[in-house]
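Trainee: This is the structure, below, for whatever I ask next.
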Amino acid sequence: MLKVAILGAGRIAQIHSKSAFLNTQCELKLIADPWKEGVDKLAKELNCEAVYDYYEAINRDDIDAIVIATATDLHVDLMLHAVKCKKPVLCEKPIDLDFGRSITAVQEIQSHNGKVMLAFNRRFDEDTIAIKNAILNNEIGEVRQVIITSRDPGMQPVEYMKTSGGIFKDMTIHDFDTARHILGEEPVEIFATASRLVDEELETINDYDTCSITLKTKSGKQCIINNCREAVYGYDQRIEVLGSQGLLKTQNHRPSTLKKYTHDFTSSQQPLLNFFLERYVDSYRKEFDVFVACLVDSQEFPTSLFDGLQALYLAVCAMESVESNQAIIVNPEGPSKSLAA
Ligand SMILES: NC(=O)c1ccc[n+]([C@@H]2O[C@H](COP(=O)([O-])OP(=O)(O)OC[C@H]3O[C@@H](n4cnc5c(N)ncnc54)[C@H](O)[C@@H]3O)[C@@H](O)[C@H]2O)c1
């Protein structure tokens, strides 16, 4: 049995801890967080040990694999320590908010032959998998245009926004990864426009709440991403792919497909699944299961630090496009190409 330590006891760490608890190929040995109240409660609920120091958890001889689900600013240091201790890692996105620091860290991790899977959970969502399989099976011919709609149900707390790194590194980063995955080619051009339509105060932290981004690959394939931090009808997550021989479309998820018809409404449905912890719960579980299965079967991880760098690079280019109000030519190989596994 692979013995796993989860670093963090916050929102996403709670999800990964439950995935580890349910996985039959591993043992959830401990959860670590200096936030004593949170880690004690979670560890008790999942019948494992609570540890109050991240490094102590990584150092322990009875730990085989590490999940980093802490605040973003700790990812790089914890990842480096884990790979130096020869422990494989599943690390939450983003690698770091600073692109230069991310590249340096990845180079060092590679010099230690570190094994790291980056947590882009949407690749493990059943809708994304169905889209990718349909494209690979040539069911809609050549991909021409991808439209990704990703809108949050409401603004996150101000404290979160201040440390999030901004909409592109925090929110769109998932869509950048999904775009690369579905297009099957690296973007060479990006144009982004962004506004503050929900909260003007975001200007004080140089952030935006509403943005549209167009990506183009060398062969001319396009992806249009639209994000907003507030959609009053709920968490809106849809993808459309136009191909030379057809169209693929995914819909929002609800607790059931029930439709209600009454004297004042027809075809009314239950609200959308609320936010990422509900909508993507199965994908987080699958992501964790794949991490463990890759380790048990000595397979390559399907998502890498290279993917993490590429998505972060697109986020940096998107901000540059907003600030210059111009399309940015993206180096298709990325400044991180030499780091590709
Ligand atoms: N893959 C995804 O879909 C996804 C979703 C959310 C977050 N993330 C990433 O996961 C990482 C962690 O994000 P999160 O949203 O889980 O962070 P979080 O704010 O819930 O937790 C982060 C840390 O904050 C502290 N903390 C949390 N709640 C606290 C409380 N009530 N009192 C005192 N301390 C508390 C804990 O030390 C915890 O480890 C980030 O890097 C983020 O980018 C990824």
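Every chain in the structure tokens takes a letter, A first, then B, and so on in the order presented; its residues are numbered from 1, and the ligands are numbered from 1 following the presented order.
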Per residue of stretch 99-212 of chain A within 7 Å of stretch 304-325 of chain A, record the nearest atom pair and its distance in Å to one decimal, counting only C-alpha atoms, with rows in chain order and ascending residue number, as JSON lines.

Mentor:
```
{"residue": "A:Phe99", "atom": "CA", "partner": "A:Leu312", "partner_atom": "CA", "distance": 6.8}
{"residue": "A:Val106", "atom": "CA", "partner": "A:Leu305", "partner_atom": "CA", "distance": 6.9}
{"residue": "A:Val116", "atom": "CA", "partner": "A:Ser304", "partner_atom": "CA", "distance": 6.6}
{"residue": "A:Met117", "atom": "CA", "partner": "A:Ser304", "partner_atom": "CA", "distance": 5.1}
{"residue": "A:Leu118", "atom": "CA", "partner": "A:Ser304", "partner_atom": "CA", "distance": 5.3}
{"residue": "A:Phe168", "atom": "CA", "partner": "A:Ala315", "partner_atom": "CA", "distance": 5.0}
{"residue": "A:Lys169", "atom": "CA", "partner": "A:Ala315", "partner_atom": "CA", "distance": 5.5}
{"residue": "A:Ile173", "atom": "CA", "partner": "A:Ala311", "partner_atom": "CA", "distance": 5.6}
{"residue": "A:Phe176", "atom": "CA", "partner": "A:Ala311", "partner_atom": "CA", "distance": 5.4}
{"residue": "A:Asp177", "atom": "CA", "partner": "A:Ala311", "partner_atom": "CA", "distance": 5.5}
{"residue": "A:Ile190", "atom": "CA", "partner": "A:Ala318", "partner_atom": "CA", "distance": 6.7}
{"residue": "A:Phe191", "atom": "CA", "partner": "A:Ser321", "partner_atom": "CA", "distance": 5.8}
{"residue": "A:Ala192", "atom": "CA", "partner": "A:Ala318", "partner_atom": "CA", "distance": 5.4}
{"residue": "A:Thr193", "atom": "CA", "partner": "A:Val322", "partner_atom": "CA", "distance": 5.3}
{"residue": "A:Ala194", "atom": "CA", "partner": "A:Val322", "partner_atom": "CA", "distance": 6.4}
```

Trainee: Quick one: write out the picked residues with all heavy atoms as a short mmCIF file (atom, residue, chain, number, x, y, z; two decimals), in the first residue's frame?

Mentor:
```cif
data_model
loop_
_atom_site.label_atom_id
_atom_site.label_comp_id
_atom_site.auth_asym_id
_atom_site.auth_seq_id
_atom_site.Cartn_x
_atom_site.Cartn_y
_atom_site.Cartn_z
N PHE A 99 6.35 33.48 -12.86
CA PHE A 99 6.74 32.55 -13.93
C PHE A 99 8.24 32.20 -13.88
O PHE A 99 8.62 31.04 -14.04
CB PHE A 99 6.36 33.15 -15.29
CG PHE A 99 6.57 32.18 -16.41
CD1 PHE A 99 5.89 30.97 -16.44
CD2 PHE A 99 7.45 32.46 -17.43
CE1 PHE A 99 6.08 30.05 -17.47
CE2 PHE A 99 7.65 31.55 -18.46
CZ PHE A 99 6.97 30.35 -18.48
N VAL A 106 11.29 24.27 -11.68
CA VAL A 106 11.11 23.06 -12.50
C VAL A 106 12.49 22.52 -12.94
O VAL A 106 12.73 21.31 -12.94
CB VAL A 106 10.19 23.35 -13.71
CG1 VAL A 106 10.17 22.15 -14.67
CG2 VAL A 106 8.77 23.67 -13.23
N VAL A 116 6.65 14.62 -10.61
CA VAL A 116 5.56 15.50 -10.18
C VAL A 116 4.41 15.46 -11.19
O VAL A 116 4.63 15.58 -12.40
CB VAL A 116 6.05 16.97 -10.04
CG1 VAL A 116 4.90 17.88 -9.61
CG2 VAL A 116 7.20 17.08 -9.05
N MET A 117 3.21 15.29 -10.68
CA MET A 117 2.01 15.41 -11.52
C MET A 117 1.34 16.72 -11.14
O MET A 117 1.17 17.01 -9.96
CB MET A 117 1.07 14.22 -11.25
CG MET A 117 -0.28 14.33 -11.93
SD MET A 117 -1.13 12.72 -11.92
CE MET A 117 -2.84 13.25 -12.03
N LEU A 118 1.01 17.53 -12.16
CA LEU A 118 0.34 18.79 -11.84
C LEU A 118 -1.18 18.58 -11.88
O LEU A 118 -1.70 17.93 -12.78
CB LEU A 118 0.76 19.90 -12.80
CG LEU A 118 0.63 21.22 -12.03
CD1 LEU A 118 1.84 21.47 -11.14
CD2 LEU A 118 0.40 22.39 -12.94
N PHE A 168 -6.32 35.51 -14.51
CA PHE A 168 -5.71 34.62 -15.51
C PHE A 168 -4.93 33.46 -14.86
O PHE A 168 -5.00 32.33 -15.32
CB PHE A 168 -4.78 35.41 -16.44
CG PHE A 168 -5.51 36.45 -17.26
CD1 PHE A 168 -5.13 37.78 -17.20
CD2 PHE A 168 -6.56 36.10 -18.08
CE1 PHE A 168 -5.80 38.74 -17.95
CE2 PHE A 168 -7.24 37.05 -18.83
CZ PHE A 168 -6.86 38.37 -18.76
N LYS A 169 -4.19 33.78 -13.77
CA LYS A 169 -3.38 32.72 -13.13
C LYS A 169 -4.22 31.85 -12.20
O LYS A 169 -3.86 30.72 -11.91
CB LYS A 169 -2.23 33.35 -12.33
CG LYS A 169 -1.14 33.94 -13.20
CD LYS A 169 -0.05 34.56 -12.34
CE LYS A 169 0.99 35.26 -13.21
NZ LYS A 169 1.90 36.10 -12.43
N ILE A 173 -6.40 29.76 -15.84
CA ILE A 173 -5.33 28.77 -15.99
C ILE A 173 -5.89 27.38 -16.29
O ILE A 173 -5.34 26.63 -17.10
CB ILE A 173 -4.39 28.78 -14.75
CG1 ILE A 173 -3.07 28.09 -15.07
CG2 ILE A 173 -5.06 28.17 -13.52
CD1 ILE A 173 -1.94 28.48 -14.15
N PHE A 176 -6.87 27.51 -19.94
CA PHE A 176 -5.70 27.45 -20.82
C PHE A 176 -5.24 26.00 -20.98
O PHE A 176 -4.92 25.55 -22.08
CB PHE A 176 -4.54 28.30 -20.26
CG PHE A 176 -4.75 29.79 -20.39
CD1 PHE A 176 -4.46 30.64 -19.34
CD2 PHE A 176 -5.22 30.34 -21.57
CE1 PHE A 176 -4.63 32.01 -19.45
CE2 PHE A 176 -5.40 31.72 -21.70
CZ PHE A 176 -5.11 32.55 -20.63
N ASP A 177 -5.23 25.28 -19.88
CA ASP A 177 -4.81 23.88 -19.97
C ASP A 177 -5.83 23.07 -20.79
O ASP A 177 -5.43 22.27 -21.65
CB ASP A 177 -4.65 23.26 -18.57
CG ASP A 177 -4.14 21.83 -18.69
OD1 ASP A 177 -2.99 21.64 -19.15
OD2 ASP A 177 -4.91 20.89 -18.38
N ILE A 190 -2.26 35.20 -28.88
CA ILE A 190 -3.30 35.37 -27.86
C ILE A 190 -3.74 36.83 -27.82
O ILE A 190 -2.91 37.74 -27.89
CB ILE A 190 -2.78 34.89 -26.48
CG1 ILE A 190 -3.85 35.06 -25.40
CG2 ILE A 190 -1.52 35.59 -26.06
CD1 ILE A 190 -3.48 34.34 -24.09
N PHE A 191 -5.04 37.02 -27.77
CA PHE A 191 -5.57 38.37 -27.53
C PHE A 191 -6.55 38.28 -26.37
O PHE A 191 -7.44 37.43 -26.37
CB PHE A 191 -6.27 38.96 -28.75
CG PHE A 191 -6.82 40.33 -28.47
CD1 PHE A 191 -5.96 41.42 -28.39
CD2 PHE A 191 -8.17 40.54 -28.23
CE1 PHE A 191 -6.44 42.70 -28.08
CE2 PHE A 191 -8.66 41.81 -27.93
CZ PHE A 191 -7.79 42.89 -27.85
N ALA A 192 -6.35 39.12 -25.37
CA ALA A 192 -7.23 39.09 -24.20
C ALA A 192 -7.76 40.47 -23.91
O ALA A 192 -7.05 41.47 -24.07
CB ALA A 192 -6.45 38.56 -22.99
N THR A 193 -9.02 40.52 -23.52
CA THR A 193 -9.59 41.79 -23.07
C THR A 193 -10.26 41.53 -21.73
O THR A 193 -10.79 40.43 -21.51
CB THR A 193 -10.56 42.36 -24.14
OG1 THR A 193 -11.00 43.65 -23.70
CG2 THR A 193 -11.76 41.49 -24.37
N ALA A 194 -10.17 42.51 -20.83
CA ALA A 194 -10.68 42.27 -19.48
C ALA A 194 -11.29 43.54 -18.91
O ALA A 194 -10.85 44.66 -19.25
CB ALA A 194 -9.54 41.80 -18.57
#
```

Trainee: Ligand 1: which residues are within 9 Å, counting only C-alpha atoms and all ligand atoms, as a PyMOL selection string?

Mentor: chain A and resi 7-15+32-39+68-75+91-96+119-122+160+164+169-171+174+276-277+280+284

Trainee: Could you write out that same residue set with N, CA and C atoms as a tab-separated table (two decimals), in the first residue's frame?

Mentor:
```
chain	number	residue	atom	x	y	z
A	7	LEU	N	-0.67	17.58	2.25
A	7	LEU	CA	-0.23	18.84	2.85
A	7	LEU	C	-1.31	19.88	2.61
A	8	GLY	N	-1.89	20.38	3.69
A	8	GLY	CA	-2.97	21.34	3.59
A	8	GLY	C	-4.24	20.75	4.18
A	9	ALA	N	-5.08	21.65	4.72
A	9	ALA	CA	-6.36	21.19	5.28
A	9	ALA	C	-7.49	22.13	4.84
A	10	GLY	N	-7.19	22.95	3.80
A	10	GLY	CA	-8.19	23.89	3.30
A	10	GLY	C	-9.16	23.22	2.34
A	11	ARG	N	-9.79	24.03	1.48
A	11	ARG	CA	-10.87	23.54	0.62
A	11	ARG	C	-10.45	22.37	-0.28
A	12	ILE	N	-9.35	22.55	-1.00
A	12	ILE	CA	-8.98	21.53	-1.97
A	12	ILE	C	-8.29	20.34	-1.27
A	13	ALA	N	-7.61	20.63	-0.17
A	13	ALA	CA	-6.98	19.54	0.60
A	13	ALA	C	-8.05	18.60	1.16
A	14	GLN	N	-9.18	19.14	1.52
A	14	GLN	CA	-10.26	18.29	2.04
A	14	GLN	C	-10.74	17.31	0.96
A	15	ILE	N	-10.80	17.81	-0.27
A	15	ILE	CA	-11.20	16.95	-1.39
A	15	ILE	C	-10.16	15.85	-1.62
A	32	ALA	N	-1.23	17.22	6.98
A	32	ALA	CA	-0.38	18.19	7.68
A	32	ALA	C	-0.82	19.61	7.40
A	33	ASP	N	-0.88	20.42	8.43
A	33	ASP	CA	-1.19	21.85	8.28
A	33	ASP	C	-0.91	22.54	9.61
A	34	PRO	N	-0.27	23.72	9.58
A	34	PRO	CA	-0.10	24.46	10.85
A	34	PRO	C	-1.42	24.96	11.41
A	35	TRP	N	-2.49	24.95	10.61
A	35	TRP	CA	-3.83	25.33	11.06
A	35	TRP	C	-4.40	24.15	11.87
A	36	LYS	N	-4.10	24.17	13.19
A	36	LYS	CA	-4.38	23.01	14.04
A	36	LYS	C	-5.84	22.60	14.06
A	37	GLU	N	-6.70	23.57	14.22
A	37	GLU	CA	-8.13	23.27	14.33
A	37	GLU	C	-8.63	22.53	13.07
A	38	GLY	N	-8.22	23.07	11.92
A	38	GLY	CA	-8.67	22.49	10.64
A	38	GLY	C	-8.12	21.09	10.44
A	39	VAL	N	-6.83	20.92	10.69
A	39	VAL	CA	-6.21	19.62	10.41
A	39	VAL	C	-6.67	18.56	11.42
A	68	ILE	N	0.44	18.12	-2.53
A	68	ILE	CA	0.59	19.52	-2.08
A	68	ILE	C	-0.69	20.28	-2.41
A	69	ALA	N	-1.43	20.61	-1.37
A	69	ALA	CA	-2.70	21.32	-1.53
A	69	ALA	C	-2.73	22.52	-0.59
A	70	THR	N	-1.55	23.09	-0.39
A	70	THR	CA	-1.40	24.26	0.50
A	70	THR	C	-1.65	25.54	-0.30
A	71	ALA	N	-1.54	26.67	0.38
A	71	ALA	CA	-1.58	27.95	-0.31
A	71	ALA	C	-0.47	27.96	-1.37
A	72	THR	N	-0.73	28.68	-2.47
A	72	THR	CA	0.16	28.64	-3.65
A	72	THR	C	1.61	29.01	-3.33
A	73	ASP	N	1.82	30.00	-2.46
A	73	ASP	CA	3.19	30.48	-2.25
A	73	ASP	C	4.11	29.42	-1.61
A	74	LEU	N	3.55	28.31	-1.16
A	74	LEU	CA	4.38	27.25	-0.56
A	74	LEU	C	4.68	26.11	-1.54
A	75	HIS	N	4.00	26.09	-2.69
A	75	HIS	CA	4.11	24.95	-3.60
A	75	HIS	C	5.56	24.61	-3.98
A	91	CYS	N	0.85	18.00	-7.23
A	91	CYS	CA	0.86	19.39	-6.76
A	91	CYS	C	-0.28	20.18	-7.38
A	92	GLU	N	-0.95	20.94	-6.54
A	92	GLU	CA	-2.04	21.79	-7.02
A	92	GLU	C	-1.50	22.88	-7.96
A	93	LYS	N	-2.38	23.37	-8.82
A	93	LYS	CA	-2.05	24.51	-9.68
A	93	LYS	C	-2.18	25.79	-8.88
A	94	PRO	N	-1.52	26.88	-9.26
A	94	PRO	CA	-0.42	26.94	-10.22
A	94	PRO	C	0.89	26.53	-9.52
A	95	ILE	N	1.94	26.30	-10.34
A	95	ILE	CA	3.23	25.94	-9.74
A	95	ILE	C	3.63	27.04	-8.76
A	96	ASP	N	3.57	28.28	-9.26
A	96	ASP	CA	3.85	29.47	-8.44
A	96	ASP	C	3.23	30.64	-9.18
A	119	ALA	N	-1.85	19.18	-10.91
A	119	ALA	CA	-3.27	18.89	-10.71
A	119	ALA	C	-4.16	19.76	-11.61
A	120	PHE	N	-4.27	19.36	-12.87
A	120	PHE	CA	-5.25	20.00	-13.76
A	120	PHE	C	-6.44	19.06	-13.83
A	121	ASN	N	-7.32	19.17	-12.82
A	121	ASN	CA	-8.38	18.18	-12.64
A	121	ASN	C	-9.37	18.11	-13.81
A	122	ARG	N	-9.50	19.21	-14.56
A	122	ARG	CA	-10.55	19.19	-15.60
A	122	ARG	C	-10.25	18.21	-16.71
A	160	TYR	N	-9.05	36.18	-0.48
A	160	TYR	CA	-8.63	35.19	-1.48
A	160	TYR	C	-8.15	35.90	-2.74
A	164	SER	N	-4.61	35.57	-4.96
A	164	SER	CA	-4.90	34.59	-6.01
A	164	SER	C	-3.97	34.70	-7.22
A	169	LYS	N	-4.19	33.78	-13.77
A	169	LYS	CA	-3.38	32.72	-13.13
A	169	LYS	C	-4.22	31.85	-12.20
A	170	ASP	N	-5.33	32.41	-11.73
A	170	ASP	CA	-6.15	31.68	-10.76
A	170	ASP	C	-7.27	30.90	-11.43
A	171	MET	N	-7.98	31.55	-12.34
A	171	MET	CA	-9.20	30.98	-12.91
A	171	MET	C	-8.98	30.49	-14.35
A	174	HIS	N	-7.03	27.05	-15.69
A	174	HIS	CA	-7.68	25.76	-15.99
A	174	HIS	C	-8.12	25.72	-17.45
A	276	PHE	N	-16.93	24.71	-7.86
A	276	PHE	CA	-16.04	23.62	-8.29
A	276	PHE	C	-16.05	22.41	-7.38
A	277	LEU	N	-16.26	22.62	-6.08
A	277	LEU	CA	-16.18	21.48	-5.16
A	277	LEU	C	-17.31	20.48	-5.43
A	280	TYR	N	-16.95	19.50	-9.89
A	280	TYR	CA	-15.80	18.71	-10.34
A	280	TYR	C	-15.38	17.62	-9.36
A	284	TYR	N	-11.78	15.33	-9.43
A	284	TYR	CA	-10.72	15.35	-8.42
A	284	TYR	C	-10.41	13.92	-7.96
```

Trainee: Write out as a PyMOL selection string all residues of stretch 38-84 of chain A that backbone DSSP assigns to strand (DSSP E).

Mentor: chain A and resi 49-51+65-68

Trainee: Kindly give the distance, in Å, that separates atom CA of A:Tyr54 and atom CA of A:Lys18, rounded to a single decimal.

Mentor: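 Those two atoms sit 18.7 Å apart.
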
Trainee: To test your reading of the structure, identify every residue in stretch 104-316 of chain A that backbone DSSP assigns to alpha helix (DSSP H), and report it as a PyMOL selection string.

Mentor: chain A and resi 104-111+126-136+158-163+167+173-183+275-279+281-296+305-316

Trainee: Would you mind telling me which residue in A:Pro88, A:Pro271, A:Gly184, A:Pro302 lies nearest to A:Val232 when using only C-alpha atoms?

Mentor: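 Closest candidate: A:Pro271.
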
Trainee: Find the spatial neighbours of A:Tyr233, counting only C-alpha atoms, within a cut-off of 10 Å - ignore same-chain residues fewer than 6 positions away - and output them as a ChimeraX atom specification.

Mentor: /A:151-154,271-272,274

Trainee: For the residues in that selection, give me N, CA, C and O atoms as an mmCIF file, in the first residue's frame.

Mentor:
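Final file, part.cif:
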```cif
data_model
loop_
_atom_site.group_PDB
_atom_site.id
_atom_site.type_symbol
_atom_site.label_atom_id
_atom_site.label_comp_id
_atom_site.auth_asym_id
_atom_site.auth_seq_id
_atom_site.Cartn_x
_atom_site.Cartn_y
_atom_site.Cartn_z
ATOM 1 N N ARG A 151 -17.695 30.372 -15.861
ATOM 2 C CA ARG A 151 -18.110 31.526 -15.050
ATOM 3 C C ARG A 151 -18.406 31.065 -13.636
ATOM 4 O O ARG A 151 -19.116 30.069 -13.437
ATOM 5 N N ASP A 152 -17.844 31.773 -12.682
ATOM 6 C CA ASP A 152 -18.080 31.440 -11.269
ATOM 7 C C ASP A 152 -19.470 31.920 -10.846
ATOM 8 O O ASP A 152 -19.985 32.897 -11.393
ATOM 9 N N PRO A 153 -20.050 31.284 -9.825
ATOM 10 C CA PRO A 153 -21.373 31.740 -9.369
ATOM 11 C C PRO A 153 -21.311 33.087 -8.654
ATOM 12 O O PRO A 153 -22.293 33.815 -8.629
ATOM 13 N N GLY A 154 -20.156 33.412 -8.059
ATOM 14 C CA GLY A 154 -20.065 34.698 -7.351
ATOM 15 C C GLY A 154 -18.622 34.975 -6.999
ATOM 16 O O GLY A 154 -17.760 34.099 -7.070
ATOM 17 N N PRO A 271 -31.292 24.057 -9.889
ATOM 18 C CA PRO A 271 -30.103 24.907 -10.098
ATOM 19 C C PRO A 271 -28.882 24.080 -10.513
ATOM 20 O O PRO A 271 -28.826 22.866 -10.290
ATOM 21 N N LEU A 272 -27.900 24.761 -11.098
ATOM 22 C CA LEU A 272 -26.652 24.101 -11.496
ATOM 23 C C LEU A 272 -25.883 23.669 -10.253
ATOM 24 O O LEU A 272 -26.032 24.285 -9.187
ATOM 25 N N ASN A 274 -23.317 23.686 -7.561
ATOM 26 C CA ASN A 274 -22.729 24.921 -7.082
ATOM 27 C C ASN A 274 -21.210 24.862 -6.993
ATOM 28 O O ASN A 274 -20.662 24.142 -6.189
#
```

Trainee: Using only C-alpha atoms, find the one residue out of A:Ile6, A:Thr250, A:Phe275, A:Lys259 that sits nearest to A:Glu126.

Mentor: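 Closest to A:Glu126 of all the choices is A:Thr250.
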
Trainee: Using only C-alpha atoms, can you tell me which of A:Lys132, A:Arg123, A:Lys86, A:His181 comes closest to A:Gln110?

Mentor: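 Using only C-alpha atoms, A:Gln110 sits closest to A:Lys86.
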
Trainee: Here is a test: counting only C-alpha atoms, which residue of A:Val158, A:Leu242, A:Leu136, A:Cys223 is nearest to A:Ala179?

Mentor: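 When distances to A:Ala179 are compared using only C-alpha atoms, the smallest one comes from A:Cys223.
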
Trainee: To one decimal in Å, tell me the separation between atom CA of A:Gly100 and atom CA of A:Thr303.

Mentor: 20.3 Å

Trainee: Pick from A:Met161, A:Ala293, A:Leu46, A:Val51: nearest to A:Thr24, with only C-alpha atoms counted?

Mentor: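 Of A:Met161, A:Ala293, A:Leu46, A:Val51, the one nearest A:Thr24 is A:Ala293, counting only C-alpha atoms.
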
Trainee: Mind checking which residues fall within 10 Å of A:Val83, counting only C-alpha atoms, ignoring those fewer than 3 positions away in the same chain, and posting them as a list in words?

Mentor: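 Those residues are Ile58, Ala65, Ile66, Leu78, Met79, Leu80, Lys86, Lys87, Pro88, Val89, Glu108, Ile109, Gln110, Ser111, His112, Asn113, Gly114, Lys115 and Val116 of chain A.
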
Trainee: Figure out the distance between atom CA of A:Glu185 and atom CA of A:Arg229, please, to one decimal in Å.

Mentor: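 Between atom CA of A:Arg229 and atom CA of A:Glu185 the gap works out to 27.7 Å.
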
Trainee: Return the single residue from A:Cys48, A:Val146, A:Ala130, A:Ile135 that is closest to A:Ile213, with distances computed using only C-alpha atoms.

Mentor: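 That would be A:Val146, the residue with the smallest distance to A:Ile213.
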